Amino acid sequence: MERNRPAAAVASAAGRWIARAPGTYVWLTVLLVTTHLLGPLLPAAEEYVRLPAPTGLDALADRPFRIFLAGLLWLPQGGHWVLCAVLFTLFHAPAEHWLGTLRWCAAVAAAYVPAGLLAETALLWAARHGHAPPSATNSLVYASDQGLAGVAAVLTYRLPRVWRYAYAFGVLVFCGVPLGAGPDVTDLARFTAALAGLACYPLTRRAPETGRAPAQ
């Protein structure tokens, strides 16, 4: 019995951690099912949700539900769920613990939908005016990617003020470096999502976890 106590304590702590971030782990479970279970068993379902590409403004206007559903419920092709689970645990779960589920959902939505639309619009304009190749708009915008960038940026306001600027700079650099290699909609949306996350400061006021304003 004594030997089982450390394992039971770890399991109990993990259970409490997960229970305090239901949105994070429900979403993560859905991504596991769609990407690694549903996709291999029912490839036609994956094809229906992911396609058609490109996802330019015409596609978004004609099939907005399918386009945003694809980005919300599936990982990028070649994405690794285990890595996603680690990143969700490091960023999404602490943010949901801090903000509460509703404010966390609002932060994810603010990073995902507007960032995707703005990135798609900018690159479509650039492609039509010869500033970017047409292929730049041929990628889906995935909530697992853009939502993560936005929430990572929101966590800036969880830090003491002395660390905030360095952390925010690091997030923007990490999200912005791929833009230098010939951006596509995914790269631009990720960077835009990080900016959107930094703009979510009002959501962090009197975060439910502490009942206080973020650290000053």
# chains A, B, ... in the order shown; residues from 1 in each chain; ligands from 1
>>> select_by_dssp(residues="stretch 85-206 of chain A", states="helix (DSSP H, G or I)", output="PyMOL selection string")
chain A and resi 85-99+101-128+134-137+143-158+161-181+185-198+201-204
>>> residues_around(residues="A:Trp27", least_positions_apart="5", cutoff="10 Å", atoms="only C-alpha atoms", output="PyMOL selection string")
chain A and resi 22+32-33+72-73+88+144
>>> write_last_selection(atoms="N, CA and C atoms", output="compact mmCIF listing (two decimals), in the first residue's frame")
# COMPACT_ATOMS: atom_id res chain seq x y z
N PRO A 22 -11.24 21.71 -18.51
CA PRO A 22 -12.05 20.79 -19.32
C PRO A 22 -12.02 21.11 -20.81
N LEU A 32 -7.44 13.90 -31.01
CA LEU A 32 -6.95 12.52 -31.04
C LEU A 32 -7.87 11.64 -31.87
N VAL A 33 -9.17 11.78 -31.64
CA VAL A 33 -10.15 10.94 -32.34
C VAL A 33 -10.14 11.23 -33.84
N LEU A 72 -10.67 23.59 -36.78
CA LEU A 72 -10.91 23.39 -35.36
C LEU A 72 -10.74 21.93 -34.94
N LEU A 73 -11.14 21.00 -35.79
CA LEU A 73 -11.25 19.60 -35.39
C LEU A 73 -10.12 18.71 -35.88
N PHE A 88 -0.42 21.72 -25.41
CA PHE A 88 -1.69 22.09 -24.80
C PHE A 88 -1.56 22.12 -23.28
N SER A 144 -5.59 24.60 -33.75
CA SER A 144 -4.58 24.04 -32.85
C SER A 144 -3.29 24.83 -32.93
>>> residues_around(residues="stretch 107-113 of chain A", least_positions_apart="4", cutoff="6 Å", atoms="only C-alpha atoms", output="ChimeraX atom specification")
/A:143,146-147,150,193,196
>>> closest_residue(among="A:Trp104, A:Trp74, A:Phe91, A:Trp98", to="A:Gly23", atoms="only C-alpha atoms")
A:Trp104
>>> residues_around(residues="A:Ala85", least_positions_apart="2", cutoff="10 Å", atoms="only C-alpha atoms", output="list in words")
Thr24, Tyr25, Leu28, Thr29, Leu31, Leu32, His80, Trp81, Val82, Leu83, Leu87, Phe88, Thr89, Leu90 and His92 of chain A
>>> write_last_selection(atoms="C-alpha atoms", output="short mmCIF file (atom, residue, chain, number, x, y, z; two decimals), in the first residue's frame")
data_model
loop_
_atom_site.label_atom_id
_atom_site.label_comp_id
_atom_site.auth_asym_id
_atom_site.auth_seq_id
_atom_site.Cartn_x
_atom_site.Cartn_y
_atom_site.Cartn_z
CA THR A 24 -8.36 22.04 -23.20
CA TYR A 25 -8.62 18.31 -22.69
CA LEU A 28 -7.34 17.49 -27.22
CA THR A 29 -9.43 14.32 -27.08
CA LEU A 31 -8.11 16.00 -32.03
CA LEU A 32 -6.95 12.52 -31.04
CA HIS A 80 1.92 14.90 -34.06
CA TRP A 81 -0.77 14.53 -31.41
CA VAL A 82 1.69 13.75 -28.60
CA LEU A 83 3.54 17.01 -29.25
CA LEU A 87 1.97 22.02 -25.84
CA PHE A 88 -1.69 22.09 -24.80
CA THR A 89 -0.65 21.08 -21.29
CA LEU A 90 2.08 23.72 -21.15
CA HIS A 92 -3.69 26.00 -22.90
#
>>> closest_residue(among="A:Gly176, A:Gly100, A:Pro114, A:Gly15", to="A:Arg205", atoms="only C-alpha atoms")
A:Gly100
>>> residues_around(residues="A:Leu203", least_positions_apart="4", cutoff="12 Å", atoms="only C-alpha atoms", output="VMD selection string")
chain A and resid 95 to 96 98 to 108 110 151 154 to 155 157 to 158 196 to 199 207 to 208 213 to 214
>>> write_last_selection(atoms="N, CA, C and O atoms", output="short mmCIF file (atom, residue, chain, number, x, y, z; two decimals), in the first residue's frame")
data_model
loop_
_atom_site.label_atom_id
_atom_site.label_comp_id
_atom_site.auth_asym_id
_atom_site.auth_seq_id
_atom_site.Cartn_x
_atom_site.Cartn_y
_atom_site.Cartn_z
N ALA A 95 -3.55 28.51 -19.04
CA ALA A 95 -4.37 29.66 -19.39
C ALA A 95 -5.83 29.44 -18.98
O ALA A 95 -6.49 30.35 -18.48
N GLU A 96 -6.33 28.23 -19.18
CA GLU A 96 -7.71 27.94 -18.79
C GLU A 96 -7.86 27.94 -17.27
O GLU A 96 -8.86 28.40 -16.73
N TRP A 98 -6.24 29.77 -15.28
CA TRP A 98 -6.14 31.16 -14.85
C TRP A 98 -7.37 31.97 -15.25
O TRP A 98 -7.96 32.68 -14.43
N LEU A 99 -7.77 31.87 -16.52
CA LEU A 99 -8.84 32.70 -17.05
C LEU A 99 -10.23 32.13 -16.79
O LEU A 99 -11.21 32.89 -16.78
N GLY A 100 -10.32 30.82 -16.61
CA GLY A 100 -11.62 30.17 -16.63
C GLY A 100 -11.95 29.74 -18.05
O GLY A 100 -11.41 30.29 -19.03
N THR A 101 -12.83 28.77 -18.17
CA THR A 101 -13.08 28.17 -19.49
C THR A 101 -13.67 29.16 -20.48
O THR A 101 -13.26 29.19 -21.65
N LEU A 102 -14.61 29.99 -20.06
CA LEU A 102 -15.25 30.90 -21.00
C LEU A 102 -14.27 31.94 -21.55
O LEU A 102 -14.23 32.21 -22.76
N ARG A 103 -13.46 32.52 -20.68
CA ARG A 103 -12.49 33.51 -21.16
C ARG A 103 -11.40 32.85 -21.98
O ARG A 103 -10.90 33.43 -22.95
N TRP A 104 -11.03 31.64 -21.61
CA TRP A 104 -10.05 30.92 -22.42
C TRP A 104 -10.60 30.66 -23.82
O TRP A 104 -9.91 30.85 -24.81
N CYS A 105 -11.87 30.23 -23.89
CA CYS A 105 -12.50 30.02 -25.20
C CYS A 105 -12.52 31.31 -26.01
O CYS A 105 -12.27 31.29 -27.23
N ALA A 106 -12.80 32.42 -25.35
CA ALA A 106 -12.81 33.71 -26.04
C ALA A 106 -11.44 34.05 -26.59
O ALA A 106 -11.30 34.57 -27.71
N ALA A 107 -10.39 33.76 -25.82
CA ALA A 107 -9.03 34.04 -26.28
C ALA A 107 -8.68 33.18 -27.48
O ALA A 107 -8.07 33.66 -28.45
N VAL A 108 -9.03 31.89 -27.43
CA VAL A 108 -8.76 31.01 -28.57
C VAL A 108 -9.51 31.49 -29.81
O VAL A 108 -8.95 31.55 -30.91
N ALA A 110 -10.60 34.50 -30.48
CA ALA A 110 -10.03 35.77 -30.94
C ALA A 110 -8.75 35.55 -31.72
O ALA A 110 -8.44 36.31 -32.66
N VAL A 151 -2.91 31.97 -27.31
CA VAL A 151 -2.94 31.71 -25.87
C VAL A 151 -1.55 31.88 -25.26
O VAL A 151 -1.40 32.38 -24.14
N VAL A 154 -1.29 35.46 -24.70
CA VAL A 154 -2.11 35.91 -23.58
C VAL A 154 -1.41 35.67 -22.25
O VAL A 154 -1.51 36.47 -21.31
N LEU A 155 -0.68 34.57 -22.15
CA LEU A 155 0.02 34.25 -20.90
C LEU A 155 1.08 35.28 -20.53
O LEU A 155 1.61 35.24 -19.42
N TYR A 157 0.48 38.17 -19.74
CA TYR A 157 -0.08 38.95 -18.65
C TYR A 157 -0.20 38.15 -17.35
O TYR A 157 -0.61 38.71 -16.33
N ARG A 158 0.17 36.89 -17.41
CA ARG A 158 0.23 36.09 -16.20
C ARG A 158 1.57 36.26 -15.49
O ARG A 158 1.71 35.93 -14.31
N ALA A 196 -3.04 39.04 -31.81
CA ALA A 196 -4.39 39.04 -31.25
C ALA A 196 -4.37 38.63 -29.78
O ALA A 196 -5.12 39.18 -28.96
N GLY A 197 -3.52 37.66 -29.45
CA GLY A 197 -3.40 37.25 -28.05
C GLY A 197 -2.92 38.38 -27.17
O GLY A 197 -3.43 38.58 -26.06
N LEU A 198 -1.96 39.15 -27.64
CA LEU A 198 -1.48 40.29 -26.86
C LEU A 198 -2.56 41.35 -26.70
O LEU A 198 -2.56 42.11 -25.73
N ALA A 199 -3.49 41.40 -27.66
CA ALA A 199 -4.59 42.36 -27.58
C ALA A 199 -5.71 41.90 -26.66
O ALA A 199 -6.66 42.65 -26.44
N ALA A 207 -8.99 37.80 -13.49
CA ALA A 207 -9.11 36.41 -13.93
C ALA A 207 -9.72 35.57 -12.82
O ALA A 207 -9.38 35.73 -11.65
N PRO A 208 -10.65 34.65 -13.15
CA PRO A 208 -11.39 33.91 -12.13
C PRO A 208 -10.52 33.13 -11.16
O PRO A 208 -10.91 32.92 -10.03
N ALA A 213 -6.43 41.22 -10.44
CA ALA A 213 -5.82 41.59 -11.72
C ALA A 213 -4.52 40.85 -11.87
O ALA A 213 -3.94 40.39 -10.90
N PRO A 214 -4.02 40.69 -13.11
CA PRO A 214 -2.75 40.00 -13.32
C PRO A 214 -1.61 40.68 -12.61
O PRO A 214 -1.69 41.86 -12.23
#
